[in-house]
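Participant: File entry08.cif below, mmCIF, C-alpha atoms:
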```cif
data_model
loop_
_atom_site.label_atom_id
_atom_site.label_comp_id
_atom_site.auth_asym_id
_atom_site.auth_seq_id
_atom_site.Cartn_x
_atom_site.Cartn_y
_atom_site.Cartn_z
CA MET A 22 -18.71 -8.75 -41.50
CA SER A 23 -21.81 -10.90 -41.31
CA TYR A 24 -23.34 -14.26 -42.04
CA ASP A 25 -25.99 -12.29 -43.95
CA LEU A 26 -23.52 -12.07 -46.81
CA THR A 27 -24.31 -15.71 -47.50
CA TYR A 28 -27.83 -14.59 -48.37
CA SER A 29 -26.59 -12.31 -51.13
CA HIS A 30 -23.52 -14.27 -52.23
CA THR A 31 -23.25 -17.98 -52.89
CA LEU A 32 -19.97 -19.00 -51.32
CA LEU A 33 -17.46 -20.57 -53.69
CA ALA A 34 -17.37 -23.63 -51.42
CA PRO A 35 -18.96 -24.81 -48.20
CA VAL A 36 -17.35 -23.64 -44.97
CA ASN A 37 -17.88 -27.06 -43.48
CA VAL A 38 -19.19 -30.39 -44.68
CA THR A 39 -21.05 -32.96 -42.63
CA TRP A 40 -19.89 -36.38 -43.74
CA GLU A 41 -21.84 -39.39 -42.54
CA ILE A 42 -18.98 -41.72 -43.09
CA THR A 43 -20.74 -44.96 -42.29
CA SER A 44 -24.26 -46.20 -41.79
CA ARG A 45 -23.06 -48.87 -39.37
CA CYS A 46 -23.76 -48.32 -35.70
CA ASN A 47 -23.50 -50.38 -32.55
CA LEU A 48 -26.50 -48.62 -31.00
CA HIS A 49 -30.10 -48.23 -32.08
CA CYS A 50 -31.14 -44.88 -30.68
CA ARG A 51 -34.83 -44.17 -30.88
CA HIS A 52 -34.35 -40.60 -32.09
CA CYS A 53 -31.54 -41.21 -34.60
CA LEU A 54 -31.72 -38.82 -37.52
CA SER A 55 -29.97 -41.25 -39.83
CA ALA A 56 -31.17 -44.75 -39.00
CA ASP A 57 -34.39 -44.73 -40.94
CA LEU A 58 -32.79 -42.93 -43.87
CA ARG A 59 -30.07 -45.52 -44.26
CA LYS A 60 -32.29 -48.49 -45.04
CA GLY A 61 -30.99 -50.17 -48.17
CA CYS A 62 -27.92 -47.95 -48.25
CA GLY A 63 -25.19 -50.43 -47.41
CA ARG A 64 -22.48 -48.90 -49.54
CA GLU A 65 -19.95 -46.54 -48.09
CA LEU A 66 -17.00 -44.80 -49.70
CA ASP A 67 -13.87 -46.93 -49.40
CA PHE A 68 -10.57 -45.54 -48.16
CA GLU A 69 -9.30 -44.48 -51.59
CA GLU A 70 -12.58 -42.76 -52.41
CA SER A 71 -12.44 -41.08 -49.02
CA ARG A 72 -8.89 -39.84 -49.67
CA ARG A 73 -9.91 -38.48 -53.07
CA PHE A 74 -12.85 -36.72 -51.48
CA ILE A 75 -10.60 -35.14 -48.85
CA ASP A 76 -8.27 -34.02 -51.66
CA ASP A 77 -11.30 -32.39 -53.26
CA LEU A 78 -12.28 -30.70 -49.98
CA ASP A 79 -8.72 -29.41 -49.66
CA ARG A 80 -8.78 -28.02 -53.21
CA MET A 81 -12.04 -26.25 -52.45
CA GLU A 82 -10.57 -24.86 -49.22
CA VAL A 83 -13.30 -26.33 -47.06
CA PHE A 84 -12.28 -25.48 -43.52
CA GLN A 85 -13.97 -28.16 -41.46
CA VAL A 86 -15.46 -31.63 -41.79
CA ASN A 87 -18.00 -32.86 -39.26
CA PHE A 88 -17.93 -36.65 -39.18
CA GLY A 89 -21.04 -38.51 -38.18
CA GLY A 90 -22.87 -41.66 -39.12
CA GLY A 91 -23.74 -44.23 -37.96
CA GLU A 92 -20.93 -44.48 -35.49
CA PRO A 93 -17.72 -43.26 -37.16
CA PHE A 94 -15.47 -45.43 -34.99
CA MET A 95 -17.17 -48.52 -36.44
CA ARG A 96 -14.99 -47.91 -39.52
CA GLU A 97 -11.69 -49.71 -39.22
CA ASP A 98 -9.94 -47.06 -41.35
CA PHE A 99 -11.48 -44.04 -39.63
CA LEU A 100 -8.34 -42.97 -37.78
CA ASP A 101 -6.41 -43.07 -41.06
CA ILE A 102 -9.11 -40.90 -42.65
CA LEU A 103 -8.80 -38.43 -39.78
CA ASP A 104 -5.01 -38.38 -40.13
CA TYR A 105 -5.33 -37.73 -43.83
CA ALA A 106 -7.69 -34.79 -43.29
CA HIS A 107 -5.48 -33.35 -40.54
CA ALA A 108 -2.43 -33.57 -42.80
CA LYS A 109 -4.34 -31.17 -45.08
CA LYS A 110 -4.97 -28.94 -42.03
CA ILE A 111 -8.69 -29.56 -42.28
CA THR A 112 -10.32 -29.27 -38.86
CA THR A 113 -12.49 -32.23 -37.99
CA CYS A 114 -15.29 -32.72 -35.52
CA VAL A 115 -16.43 -36.23 -34.74
CA SER A 116 -19.89 -36.99 -33.41
CA THR A 117 -19.67 -40.28 -31.57
CA ASN A 118 -21.78 -42.24 -29.15
CA GLY A 119 -18.60 -42.67 -27.10
CA THR A 120 -19.15 -46.33 -26.34
CA LEU A 121 -16.21 -47.54 -28.45
CA VAL A 122 -13.71 -45.10 -26.95
CA ASP A 123 -11.34 -47.17 -24.82
CA GLU A 124 -8.00 -46.18 -23.32
CA ALA A 125 -5.99 -46.98 -26.46
CA LEU A 126 -8.31 -45.05 -28.76
CA ALA A 127 -8.47 -42.10 -26.35
CA ALA A 128 -4.66 -41.98 -26.23
CA ARG A 129 -4.42 -41.92 -30.02
CA LEU A 130 -7.13 -39.25 -30.38
CA ALA A 131 -5.47 -37.09 -27.76
CA ARG A 132 -2.39 -36.87 -29.99
CA MET A 133 -4.36 -35.43 -32.92
CA ASP A 134 -4.36 -31.72 -33.63
CA TYR A 135 -7.33 -30.16 -35.43
CA LEU A 136 -9.75 -32.63 -33.83
CA TYR A 137 -12.92 -31.89 -31.88
CA ILE A 138 -15.10 -34.63 -30.44
CA GLN A 139 -18.67 -34.46 -29.30
CA VAL A 140 -20.03 -37.39 -27.35
CA SER A 141 -23.76 -37.93 -27.41
CA LEU A 142 -25.44 -38.24 -24.04
CA ASP A 143 -29.19 -37.95 -23.71
CA GLY A 144 -29.65 -37.77 -19.98
CA ALA A 145 -27.89 -37.00 -16.72
CA THR A 146 -28.88 -40.41 -15.41
CA ALA A 147 -28.85 -43.93 -16.80
CA ASP A 148 -32.62 -44.14 -16.49
CA THR A 149 -33.16 -41.15 -18.77
CA ASN A 150 -30.35 -41.73 -21.22
CA ASP A 151 -30.87 -45.46 -21.68
CA ILE A 152 -34.54 -45.09 -22.61
CA VAL A 153 -33.37 -43.43 -25.81
CA ARG A 154 -29.88 -44.81 -26.45
CA GLY A 155 -30.23 -48.33 -25.09
CA GLU A 156 -29.72 -50.23 -21.88
CA GLY A 157 -26.29 -49.88 -20.32
CA THR A 158 -25.17 -47.10 -22.63
CA PHE A 159 -24.96 -44.39 -19.98
CA GLU A 160 -22.14 -46.15 -18.14
CA ARG A 161 -20.29 -46.86 -21.39
CA ILE A 162 -20.64 -43.26 -22.59
CA ILE A 163 -19.32 -41.90 -19.30
CA ALA A 164 -16.41 -44.36 -19.51
CA GLY A 165 -15.61 -42.99 -22.99
CA ILE A 166 -15.70 -39.40 -21.71
CA GLU A 167 -13.47 -40.31 -18.78
CA ALA A 168 -10.99 -42.06 -21.06
CA LEU A 169 -10.72 -38.98 -23.28
CA LYS A 170 -10.35 -36.64 -20.33
CA GLY A 171 -7.89 -39.01 -18.70
CA HIS A 172 -5.65 -38.72 -21.74
CA GLY A 173 -5.95 -34.95 -21.78
CA PHE A 174 -8.09 -34.68 -24.90
CA PRO A 175 -8.71 -30.92 -25.06
CA HIS A 176 -11.62 -30.32 -27.39
CA LEU A 177 -14.42 -32.41 -25.98
CA SER A 178 -18.11 -31.64 -25.62
CA ILE A 179 -21.17 -33.51 -24.47
CA ASN A 180 -23.96 -33.29 -26.99
CA THR A 181 -27.54 -33.68 -25.86
CA VAL A 182 -30.58 -33.72 -28.07
CA VAL A 183 -33.16 -31.89 -26.01
CA MET A 184 -36.39 -33.86 -25.80
CA GLY A 185 -39.28 -34.25 -23.46
CA THR A 186 -37.51 -37.27 -21.96
CA ASN A 187 -34.48 -35.35 -20.73
CA PHE A 188 -35.75 -31.78 -20.54
CA ARG A 189 -35.81 -31.76 -16.73
CA GLU A 190 -32.18 -32.91 -16.65
CA ILE A 191 -30.59 -30.24 -18.84
CA PHE A 192 -29.26 -28.41 -15.81
CA ARG A 193 -27.74 -31.61 -14.43
CA ILE A 194 -26.24 -32.48 -17.82
CA HIS A 195 -24.62 -29.05 -17.82
CA GLU A 196 -23.33 -29.69 -14.30
CA LEU A 197 -21.99 -33.05 -15.39
CA GLY A 198 -20.15 -31.39 -18.26
CA THR A 199 -18.71 -28.79 -15.92
CA ARG A 200 -17.54 -31.54 -13.56
CA TYR A 201 -15.66 -33.22 -16.39
CA GLY A 202 -14.34 -29.90 -17.70
CA VAL A 203 -16.07 -30.31 -21.06
CA LYS A 204 -18.46 -28.07 -22.91
CA THR A 205 -22.16 -28.83 -23.10
CA ARG A 206 -23.81 -28.66 -26.49
CA LEU A 207 -27.57 -28.84 -26.78
CA SER A 208 -28.98 -29.96 -30.10
CA ARG A 209 -32.42 -29.67 -31.42
CA PHE A 210 -34.72 -32.65 -31.71
CA ARG A 211 -35.96 -32.68 -35.30
CA PRO A 212 -38.50 -34.91 -37.05
CA SER A 213 -36.01 -36.58 -39.38
CA GLY A 214 -35.08 -40.25 -39.72
CA ASN A 215 -36.15 -42.41 -36.78
CA ALA A 216 -37.17 -39.27 -34.93
CA ARG A 217 -40.30 -39.05 -37.07
CA LYS A 218 -41.63 -42.12 -35.30
CA VAL A 219 -41.23 -40.64 -31.84
CA TRP A 220 -41.73 -36.96 -32.67
CA GLU A 221 -45.07 -36.55 -30.94
CA GLU A 222 -43.87 -38.50 -27.92
CA TYR A 223 -40.52 -36.76 -27.44
CA ARG A 224 -40.85 -33.23 -28.76
CA LEU A 225 -40.89 -30.21 -26.50
CA ASP A 226 -44.10 -28.33 -25.91
CA ARG A 227 -44.35 -24.55 -26.00
CA GLY A 228 -43.71 -24.09 -22.30
CA GLN A 229 -40.58 -26.23 -22.51
CA LEU A 230 -39.34 -24.31 -25.54
CA GLU A 231 -39.79 -21.06 -23.62
CA GLU A 232 -37.98 -22.51 -20.63
CA LEU A 233 -35.17 -23.78 -22.84
CA SER A 234 -34.78 -20.33 -24.36
CA ARG A 235 -34.41 -18.88 -20.85
CA PHE A 236 -31.95 -21.60 -19.86
CA LEU A 237 -29.77 -20.80 -22.86
CA SER A 238 -29.84 -17.11 -22.01
CA ALA A 239 -28.75 -17.88 -18.46
CA HIS A 240 -26.00 -20.27 -19.58
CA ARG A 241 -24.10 -18.55 -22.33
CA ASP A 242 -21.33 -21.14 -22.18
CA VAL A 243 -23.73 -23.79 -23.49
CA LEU A 244 -23.21 -24.35 -27.20
CA THR A 245 -26.14 -24.83 -29.51
CA GLY A 246 -24.31 -25.26 -32.80
CA ASP A 247 -27.31 -26.01 -34.90
CA SER A 248 -30.66 -24.47 -35.55
CA PHE A 249 -31.91 -23.45 -32.15
CA PHE A 250 -32.13 -19.99 -33.60
CA SER A 251 -35.91 -20.23 -33.68
CA ILE A 252 -35.86 -19.85 -29.90
CA THR A 253 -32.65 -17.83 -29.55
CA ALA A 254 -33.14 -14.83 -27.30
CA GLU A 255 -31.68 -11.46 -28.22
CA ASP A 256 -28.95 -11.81 -25.64
CA ARG A 257 -27.50 -14.86 -27.42
CA SER A 258 -27.77 -13.45 -30.91
CA GLY A 259 -24.01 -13.00 -31.26
CA LEU A 260 -23.10 -16.47 -30.04
CA GLY A 261 -23.67 -18.57 -33.13
CA LEU A 262 -25.40 -18.88 -36.43
CA ASN A 263 -28.33 -16.60 -37.06
CA MET A 264 -29.64 -18.50 -40.04
CA CYS A 265 -29.81 -21.93 -41.58
CA GLY A 266 -26.51 -22.65 -43.30
CA ALA A 267 -27.76 -25.51 -45.48
CA ALA A 268 -26.59 -25.02 -49.09
CA LYS A 269 -25.26 -21.61 -48.06
CA MET A 270 -22.39 -22.52 -45.77
CA THR A 271 -22.65 -26.25 -45.36
CA CYS A 272 -23.88 -29.46 -46.91
CA SER A 273 -24.04 -33.11 -46.02
CA VAL A 274 -22.57 -36.22 -47.63
CA ALA A 275 -24.16 -39.61 -46.99
CA PRO A 276 -22.07 -42.79 -46.61
CA ASP A 277 -22.49 -43.67 -50.30
CA GLY A 278 -21.42 -40.18 -51.44
CA THR A 279 -24.86 -38.71 -52.03
CA VAL A 280 -24.92 -34.99 -51.28
CA TYR A 281 -27.77 -33.24 -49.48
CA PRO A 282 -28.12 -29.68 -48.16
CA CYS A 283 -28.14 -30.90 -44.57
CA ALA A 284 -28.08 -34.15 -42.62
CA PHE A 285 -31.67 -33.44 -41.62
CA LEU A 286 -32.85 -32.85 -45.20
CA GLN A 287 -32.24 -36.25 -46.75
CA ASP A 288 -35.46 -36.72 -48.65
CA PRO A 289 -35.08 -37.71 -52.32
CA GLY A 290 -36.23 -34.24 -53.38
CA PHE A 291 -33.15 -32.70 -51.77
CA ARG A 292 -30.63 -35.03 -53.44
CA ALA A 293 -28.04 -32.76 -55.05
CA GLY A 294 -25.64 -35.27 -56.60
CA ASN A 295 -23.02 -37.83 -55.68
CA ILE A 296 -19.34 -37.13 -55.15
CA THR A 297 -18.33 -40.41 -56.84
CA VAL A 298 -19.87 -39.07 -60.05
CA GLU A 299 -19.23 -35.34 -59.84
CA SER A 300 -17.00 -33.09 -57.74
CA LEU A 301 -18.48 -31.48 -54.69
CA GLY A 302 -17.48 -28.12 -56.14
CA SER A 303 -19.62 -28.71 -59.19
CA ILE A 304 -22.53 -29.94 -57.09
CA TRP A 305 -22.20 -26.96 -54.76
CA GLN A 306 -22.28 -24.48 -57.61
CA SER A 307 -24.96 -25.98 -59.82
CA ALA A 308 -27.26 -28.47 -58.07
CA GLU A 309 -30.86 -27.43 -58.45
CA ALA A 310 -31.67 -28.77 -54.97
CA PHE A 311 -29.20 -26.28 -53.54
CA GLU A 312 -30.33 -23.42 -55.74
CA ALA A 313 -33.92 -24.00 -54.66
CA LEU A 314 -32.98 -23.82 -51.00
CA ARG A 315 -30.92 -20.67 -51.55
CA ARG A 316 -33.93 -19.04 -53.19
CA VAL A 317 -36.27 -19.78 -50.29
CA ARG A 318 -37.56 -16.64 -48.67
CA ILE A 319 -39.95 -16.95 -45.76
CA ALA A 320 -41.95 -13.86 -46.51
CA SER A 321 -44.18 -14.11 -43.46
CA CYS A 322 -41.11 -13.84 -41.21
CA GLU A 323 -39.43 -10.88 -42.84
CA GLY A 324 -41.43 -8.29 -40.91
CA CYS A 325 -40.75 -9.99 -37.59
CA GLY A 326 -38.44 -8.32 -35.09
CA ARG A 327 -36.62 -11.62 -34.66
CA PHE A 328 -35.82 -12.06 -38.35
CA SER A 329 -32.22 -10.93 -38.00
CA ILE A 330 -31.50 -13.66 -35.43
CA CYS A 331 -33.23 -16.60 -37.10
CA HIS A 332 -34.12 -15.80 -40.75
CA GLY A 333 -37.15 -18.06 -40.44
CA GLY A 334 -35.48 -20.86 -38.49
CA CYS A 335 -34.86 -24.45 -39.52
CA PRO A 336 -36.23 -25.38 -42.96
CA ALA A 337 -35.96 -29.10 -42.12
CA VAL A 338 -38.38 -28.82 -39.22
CA ALA A 339 -40.70 -26.69 -41.34
CA TYR A 340 -40.50 -29.13 -44.24
CA PHE A 341 -41.15 -32.29 -42.26
CA LEU A 342 -44.03 -30.77 -40.31
CA THR A 343 -45.68 -28.71 -43.03
CA ARG A 344 -44.23 -30.17 -46.28
CA SER A 345 -43.35 -26.62 -47.25
CA MET A 346 -39.94 -24.97 -47.32
CA LYS A 347 -41.56 -21.57 -47.21
CA SER A 348 -43.16 -22.02 -43.82
CA PRO A 349 -41.72 -20.39 -40.73
CA ASP A 350 -40.10 -22.72 -38.26
CA PRO A 351 -43.10 -24.30 -36.49
CA GLU A 352 -41.29 -24.13 -33.16
CA CYS A 353 -40.59 -20.40 -33.36
CA LEU A 354 -41.57 -18.74 -30.12
CA ALA A 355 -42.51 -15.38 -31.61
CA PRO A 356 -46.10 -16.24 -32.58
CA PHE A 357 -46.54 -18.06 -29.30
CA ARG A 358 -45.53 -14.96 -27.41
CA ARG A 359 -47.82 -12.79 -29.48
CA ASP A 360 -50.63 -15.19 -28.75
CA ALA A 361 -50.29 -15.00 -24.99
CA SER A 362 -53.72 -16.39 -24.42
CA ALA A 363 -52.94 -19.64 -26.24
CA SER A 364 -52.41 -22.65 -24.06
CA TYR A 365 -48.93 -24.10 -24.10
CA SER A 366 -49.91 -27.49 -25.43
CA LYS A 367 -48.71 -29.75 -28.20
CA ASP A 368 -52.11 -29.40 -29.83
CA GLY A 369 -51.69 -25.65 -29.84
CA ALA A 370 -48.39 -25.98 -31.63
CA GLN A 371 -50.05 -28.07 -34.30
CA ASP A 372 -52.63 -25.32 -34.81
CA HIS A 373 -49.81 -22.91 -35.44
CA VAL A 374 -48.25 -25.21 -37.98
CA ARG A 375 -51.41 -25.29 -40.00
CA THR A 376 -52.10 -21.58 -39.94
CA VAL A 377 -48.74 -20.40 -41.31
CA MET B 15 3.56 -7.87 -45.27
CA TYR B 16 1.04 -9.91 -43.28
CA CYS B 17 0.50 -13.65 -43.08
CA LEU B 18 -2.29 -15.68 -41.54
CA SER B 19 -1.97 -16.21 -37.79
CA PRO B 20 -1.37 -19.74 -36.53
CA GLY B 21 -4.62 -21.73 -36.50
CA ILE B 22 -6.27 -19.36 -38.97
CA ARG B 23 -7.32 -20.37 -42.46
CA ALA B 24 -8.76 -18.03 -45.06
CA ARG B 25 -9.94 -18.02 -48.62
CA GLU B 26 -11.09 -15.54 -51.20
CA GLU B 27 -14.82 -15.17 -51.81
CA GLY B 28 -16.91 -13.00 -54.11
CA PHE B 29 -17.52 -10.46 -51.36
CA GLY B 30 -13.89 -10.43 -50.18
CA LEU B 31 -12.21 -12.73 -47.67
CA LEU B 32 -13.53 -15.42 -45.37
CA PHE B 33 -11.49 -16.34 -42.29
CA TYR B 34 -11.87 -19.44 -40.14
CA SER B 35 -10.30 -20.07 -36.76
CA SER B 36 -9.52 -23.70 -36.03
CA LYS B 37 -9.37 -22.80 -32.33
CA ASP B 38 -13.06 -22.05 -32.02
CA ALA B 39 -14.53 -22.55 -35.53
CA ARG B 40 -15.39 -18.86 -35.61
CA LEU B 41 -15.89 -17.30 -39.04
CA THR B 42 -15.05 -13.75 -40.00
CA PHE B 43 -16.51 -12.29 -43.18
CA VAL B 44 -14.54 -9.38 -44.61
CA LYS B 45 -16.35 -7.37 -47.23
CA SER B 46 -13.22 -6.22 -48.99
CA GLY B 47 -14.15 -7.02 -52.58
CA ARG B 48 -11.03 -7.48 -54.68
CA LEU B 49 -8.90 -5.28 -52.47
CA LEU B 50 -6.90 -8.13 -50.97
CA ARG B 51 -5.64 -11.47 -52.27
CA ILE B 52 -4.30 -14.47 -50.41
CA GLU B 53 -1.08 -15.82 -51.90
CA PRO B 54 1.56 -18.40 -51.08
CA GLY B 55 4.32 -16.85 -48.98
CA PRO B 56 7.69 -17.95 -47.60
CA LYS B 57 8.03 -21.25 -45.74
CA GLY B 58 4.58 -22.49 -46.71
CA MET B 59 2.86 -19.51 -45.15
CA ARG B 60 -0.04 -17.73 -46.79
CA VAL B 61 0.23 -13.98 -47.07
CA LEU B 62 -2.16 -11.15 -47.86
CA ALA B 63 -1.38 -8.99 -50.84
CA VAL B 64 -2.98 -5.74 -51.97
CA SER B 65 -4.42 -6.25 -55.41
CA CYS B 66 -5.81 -2.78 -56.22
CA SER B 67 -3.27 -0.08 -56.93
CA GLY B 68 -4.30 3.29 -55.53
CA ALA B 69 -6.23 1.71 -52.69
CA GLU B 70 -3.31 1.19 -50.35
CA GLY B 71 -4.79 3.45 -47.68
CA ARG B 72 -8.00 1.46 -47.47
CA ALA B 73 -6.07 -1.81 -47.61
CA ASP B 74 -3.90 -0.69 -44.70
CA ARG B 75 -6.99 0.05 -42.62
CA VAL B 76 -8.49 -3.38 -43.36
CA LEU B 77 -5.18 -5.11 -42.61
CA ALA B 78 -4.87 -3.21 -39.33
CA ALA B 79 -8.38 -4.30 -38.35
CA LEU B 80 -7.62 -7.94 -39.20
CA SER B 81 -4.37 -7.75 -37.26
CA LYS B 82 -6.20 -6.32 -34.25
CA LYS B 83 -8.58 -9.29 -34.38
CA GLY B 84 -5.61 -11.66 -34.38
CA LEU B 85 -6.42 -13.10 -37.79
CA ILE B 86 -3.16 -11.98 -39.38
CA VAL B 87 0.30 -11.13 -38.12
CA GLU B 88 2.97 -8.94 -39.63
CA LEU B 89 5.84 -10.88 -41.13
CA ARG B 90 9.12 -10.01 -39.51
CA PRO B 91 11.87 -9.04 -41.99
CA ASP B 92 14.04 -11.96 -40.90
CA ILE B 93 11.45 -14.54 -41.99
#
```
Could I get this structure in the form of structure tokens?

Facilitator:
Amino acid sequence: MSYDLTYSHTLLAPVNVTWEITSRCNLHCRHCLSADLRKGCGRELDFEESRRFIDDLDRMEVFQVNFGGGEPFMREDFLDILDYAHAKKITTCVSTNGTLVDEALAARLARMDYLYIQVSLDGATADTNDIVRGEGTFERIIAGIEALKGHGFPHLSINTVVMGTNFREIFRIHELGTRYGVKTRLSRFRPSGNARKVWEEYRLDRGQLEELSRFLSAHRDVLTGDSFFSITAEDRSGLGLNMCGAAKMTCSVAPDGTVYPCAFLQDPGFRAGNITVESLGSIWQSAEAFEALRRVRIASCEGCGRFSICHGGCPAVAYFLTRSMKSPDPECLAPFRRDASASYSKDGAQDHVRTV
Amino acid sequence: MYCLSPGIRAREEGFGLLFYSSKDARLTFVKSGRLLRIEPGPKGMRVLAVSCSGAEGRADRVLAALSKKGLIVELRPDI
């Protein structure tokens, strides 16, 4: 019983699908993975197209849909889309900036089964959060969290993209989550979308990556959900994914229906098809972009003792930093640890990227 | 006869069965090949059926393991 089966068997359908349901957003976060990718992409699937797509997901027996954007609650019909998915018993997870969640919306969401919500918060203080997400957002995000908790919404988490800006506040963010009785999820900062522009400024250095790995080991209740496996310590190896699921267990659908392996791999070369033209099932089974990703083997990692817990790490980070899908994750700690004499600097990390 | 536990979804895959828990999004991969099928059962439930004759012993062991994990429950005769 293992995720490794997805290496040897192409699943008949994705386990979950990330659906960026709108490109509209009321915030302009500096690190947004989508913002820069959405230029010129004004179209989004209308309600009927969305229903047909959910019917297709139901036929394929996709278990979960992760809604993102943009800000999903900017869509006037979003609650109807959620209701339609839930009627099919599809579990949904909504990534929201939380600023549009008022009492009425929180009350309605609290009545929905099969719904998980993660609210993005990028600092334990307004000073830290608002640098990235915009002035005044911290207070509005907290108000959204309080509204959801006030209405007894059960499946809530705070999601923080770990960057140099908020690294020193991770512990306090975790405390804040505990105070509100919600889970803390840490996500990886990746050089995709707007984040490319601030990558050098915001990314973690080696020492911070090491420290983060230790923090995660000491706080096993903290969720990581996506692609931190490059720094996952042995003691967390059973807590989540041990490999990239893109094109193996998951894929991503853009607002206009374009399908990609992952929300972080939205370069034209990874375009797999469009669900308004072809069914997702057909795209999943036959798209060359997916086949290519499934064939990727990171040979230089296969002899590493960590291979079973990361399988080479995040291909998106490797691709955007090295332009190669066959490179090991540039933020993997293993070579850093082997090279104990190396200084823990951003420049050092760049050296590593070039040598692999 | 066993059916899926509440909050559990499952589907057939090339390697066997894939279970998903809507309570915690946990996946369980069951390398059972074609030993077990998932079929419509009474009252909209989905039940597991043994599809290989002569392999009932192995099927029983797999079903017992899945039941122990809480992924399936035995259907009571009155249902």

Participant: Name the residues that the PyMOL selection byres ((chain A and resi 87) around 12) pulls out of this structure, and write them as a PyMOL selection string.

Facilitator: (chain A and resi 36-42+83-86+88-90+93+103+106+111-117+135-139+246+271-275+283-284) or (chain B and resi 39)

Participant: Select, from A:Gly119, A:Pro175, A:Gly334, A:Gly157, the residue with the minimum atom-to-atom distance to chain B, counting all atoms listed in the file.

Facilitator: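 That would be A:Pro175, the residue with the smallest distance to chain B.
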
Participant: Could you tell me how far CA of Val44 in chain B lies from CA of Glu27 in chain B, in Å and to one decimal?

Facilitator: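 CA of Val44 in chain B sits 9.2 Å away from CA of Glu27 in chain B.
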
Participant: When you count only C-alpha atoms, which of these residues is closest to Glu88 in chain B: B:Leu62, B:Ala73, B:Ile22, B:Ile52?

Facilitator: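 Smallest distance to Glu88 in chain B is found for B:Leu62.
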
Participant: Rounded to one decimal place, report the CA of Cys325 in chain A-CA of Ser345 in chain A distance in Å.

Facilitator: 19.4 Å

Participant: Do you know which residues are at most 12 Å from Gly58 in chain B counting all atoms listed in the file, after dropping those on the same chain fewer than 4 positions away, and could you put them as a PDB file with C-alpha atoms, keeping the file's coordinate frame?

Facilitator:
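The result, written out as part_29.pdb:
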```pdb
ATOM      1  CA  CYS B  17       0.500 -13.650 -43.080  1.00  0.00           C
ATOM      2  CA  LEU B  18      -2.290 -15.680 -41.540  1.00  0.00           C
ATOM      3  CA  GLU B  53      -1.080 -15.820 -51.900  1.00  0.00           C
ATOM      4  CA  PRO B  54       1.560 -18.400 -51.080  1.00  0.00           C
ATOM      5  CA  ILE B  93      11.450 -14.540 -41.990  1.00  0.00           C
TER       6      ILE B  93
END
```

Participant: Hey, can you check how far CA of Leu130 in chain A sits from CA of His240 in chain A?

Facilitator: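 Interatomic distance, CA of Leu130 in chain A to CA of His240 in chain A: 28.9 Å.
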
Participant: Quick one: residues within 9 Å of (-17.5, -5.7, -50.5) (file frame), counting all atoms listed in the file, please, as an MDAnalysis selection string.

Facilitator: chainID B and resid 28:30 44:49

Participant: List the neighbours of Arg257 in chain A out to 8 Å using all atoms listed in the file; skip same-chain residues closer than 6 positions along the sequence, and give me the result as a list in words.

Facilitator: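 Counting only the stated atoms, we get Leu237, Ser238 and Arg241 of chain A.
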
Participant: When you count all atoms listed in the file, which of these residues is closest to chain B: A:Val140, A:Ala337, A:Leu230, A:Leu33?

Facilitator: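 Checking each candidate against chain B, we get A:Leu33 as the closest.
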